[in-house]
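Just below is one structure, and these are the notes that go with it.
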Amino acid sequence: MKKAIFVFLIFVVGATYAQLQTPQPSPSSTVEQVVGLTDFKIEYARPSAKGRKVFGDLIPYGKKWRTGANFNTLIEFSDDILFGDVEVKAGKYALFSMPKPEQWKVYLYSETENWGLPEDWEEQKVVAEVTVEWQKLEFFQETFSIGFNSITTQSANLDIMWENSLVQVPIEVPTDKKVEASINEVMSNEPKPRDYYQAAAYYYEAQKDINQAKDWIDTAMKQMEEKPFWMLRLQSLIHVASGNEKSAIKLAKASLKAAEEAGNDDYIKMNKDSLKEWGA
C-alpha cells in the first residue's frame, strides 16, 4: 500500500512539473533605446505575416489595433517628450494605432493593463493622438517590428513596420534643457578640464554658441600638460568654426603628430583631410 502511494505521488509531482513547451506564435520582444539623455523601453509581441495579407485584411483599415499581438504594446520613457506634436509626460503608456491606406493614427493610452484593445475605449485616457503618413517599404517585412531610427541627441523616429508598410512618429527629447542644467551646475562648482572639454564638445555638436565652445575648449587645454590627439582635434574644429583658421591649422598639425605617435589611423586621416581642406 505504501509503495502504491509513493508511486502515485511521484506520478502527481511529475505531472505537475513536466509541462509541454512550445514556441510562441508571436514572440515577445523588448526594445531599449537611449535618445539623448532619455531612456525608452518598448515591450510588445511580434506576429508574422505567414503568407497572409496583413493590412486591409488581417488588420482591417479604419479600426483601432493593438499594434502587435497578445497583451497591449507598452512604451515607457524617463522624461517628458514631444510625441509627434503632442507634449507627453514621462511614464508608461499603451501604444495603439488605426491603420489606413494613406495615413495612420497612433495613440498613447494611459491605461496599460489590457489584453489587446480596451473593452471600452475611453477618450479621456488618450494622452496623445498623432496622424502620420503611410510609407511603402522597399522590402517585405515578414515579422512585425517596432524600433527607433534616425536617432540624434535631440530626437528620433519611432518606426512601426510590417508587410510593406512603414509609419514613423517623430519624437523630441529634452536633451538641451538637461545638458544646460548640468553645465550650469558643474561650471559653478570647480569644473575640471574634462568638464570644459565635454561642454565645448556638446556646444560644437549641437551648433550652439561657438565662441563659448572656444572659450571652454581653450580653458580645458591650458589646464592639461599632456594634450591628447582627440582633444586637439576638437579644438582645431572649434577654432575653424569660430573663424580662427590659422590657429586651427596649428592645432590640427599638433593633433596629427600626436595621432601618428599613438598609431591612430582614423585621426591621422581626419587631420590630413582637414589640413588639405584648410589649404595647409
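Every chain in the C-alpha cells has a letter given in the order shown (A, B, ...), and although residue numbers restart at 1 in each chain, ligands are simply numbered from 1 in the order shown.
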
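Here the DSSP assignment of helix (DSSP H, G or I), based on backbone atoms, applies within segment 29-203 of chain A to Glu123, Gln124, Lys125, Thr175, Asp176, Lys177, Lys178, Val179, Glu180, Ala181, Ser182, Ile183, Asn184, Glu185, Val186, Met187, Pro193, Arg194, Asp195, Tyr196, Tyr197, Gln198, Ala199, Ala200, Ala201, Tyr202 and Tyr203 of chain A.
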
Counting only C-alpha atoms, what are the residues of segment 137-186 of chain A within 12 Å of segment 40-47 of chain A, and for each of them which pair of atoms is the nearest and at what distance in Å, to one decimal? Sort the table by chain and rising number, as CSV.
residue,atom,partner,partner_atom,distance
A:Gln141,CA,A:Pro47,CA,11.1
A:Glu142,CA,A:Pro47,CA,8.7
A:Thr143,CA,A:Pro47,CA,5.9
A:Phe144,CA,A:Arg46,CA,5.1
A:Ser145,CA,A:Arg46,CA,6.6
A:Ile146,CA,A:Ile42,CA,8.1
A:Gly147,CA,A:Ile42,CA,8.2
A:Phe148,CA,A:Phe40,CA,9.4
A:Ala156,CA,A:Phe40,CA,11.0
A:Leu158,CA,A:Ile42,CA,10.4
A:Asp159,CA,A:Ile42,CA,11.8
A:Ile160,CA,A:Arg46,CA,11.4
A:Met161,CA,A:Arg46,CA,10.7
A:Trp162,CA,A:Pro47,CA,9.2
A:Glu163,CA,A:Pro47,CA,10.9
A:Ile171,CA,A:Phe40,CA,11.1
A:Val173,CA,A:Phe40,CA,10.6

Task: Separation of atom CA of Gln168 of chain A from atom CA of Glu133 of chain A in Å - done: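 Between atom CA of Glu133 of chain A and atom CA of Gln168 of chain A the gap is 7.7 Å.
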
Each segment 114-233 of chain A residue no farther than 8 Å from segment 85-103 of chain A, nearest pair in Å, only C-alpha atoms, as CSV:
residue,atom,partner,partner_atom,distance
A:Leu117,CA,A:Phe96,CA,7.8
A:Val127,CA,A:Val88,CA,6.9
A:Ala128,CA,A:Val86,CA,6.1
A:Glu129,CA,A:Val86,CA,7.7
A:Val130,CA,A:Asp85,CA,7.4
A:Thr131,CA,A:Gln103,CA,6.7
A:Val132,CA,A:Gln103,CA,5.7
A:Glu133,CA,A:Gln103,CA,4.5
A:Trp134,CA,A:Gln103,CA,5.0
A:Gln135,CA,A:Glu102,CA,7.9

Task: Spatial neighbours of Gln212 of chain A, max dist 12 Å, only C-alpha atoms, sep filter under 4 positions, as a list in words - done: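 Counting only C-alpha atoms, the residues come to Tyr196, Tyr197, Ala199, Ala200, Ala201, Tyr202, Tyr203, Tyr204, Gln207, Lys208, Trp216, Ile217, Asp218, Thr219, Ile238, His239, Ala241 and Ser242 of chain A.
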
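Proximity to Thr152 of chain A at 12 Å, evaluated using only C-alpha atoms and with sequence-adjacent residues fewer than 4 positions away removed, yields Gln33, Val34, Val35, Gly36, Leu37, Thr38, Phe148, Ala156, Asn157, Pro170, Ile171, Glu172, Val173, Pro174, Thr175, Asp176, Glu205 and Ala206 of chain A.
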
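With only C-alpha atoms taken into account, the protein and nucleic acid residues at most 12 Å from Ser274 of chain A (excluding it and anything under 2 positions from it in its own chain) are A:Arg233, A:Leu234, A:Ser236, A:Leu237, A:Val240, A:Glu245, A:Ala248, A:Ile249, A:Lys250, A:Leu251, A:Ala252, A:Lys253, A:Ser255, A:Leu256, A:Tyr267, A:Ile268, A:Lys269, A:Met270, A:Asn271, A:Lys272, A:Lys276, A:Glu277, A:Trp278, A:Gly279, A:Ala280.
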
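Proximity of A:Gln154, A:Ile183, A:Pro118, A:Gly84 to Val167 of chain A, computed with only C-alpha atoms, is greatest for A:Gly84.
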
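Atom CA of Pro23 of chain A lies 25.2 Å from atom CA of Asp57 of chain A.
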
Task: Atom pair atom CA of Ser182 of chain A / atom CA of Ile81 of chain A: separation (Å) - done: 18.6 Å

Open item on the list: So that I can check the secondary structure, give me every residue of segment 40-261 of chain A assigned strand (DSSP E) by backbone DSSP, as a PyMOL selection string.
Closed with: chain A and resi 40-45+73-77+81-83+86-88+91-98+103-109+126-133+135-149+155-172
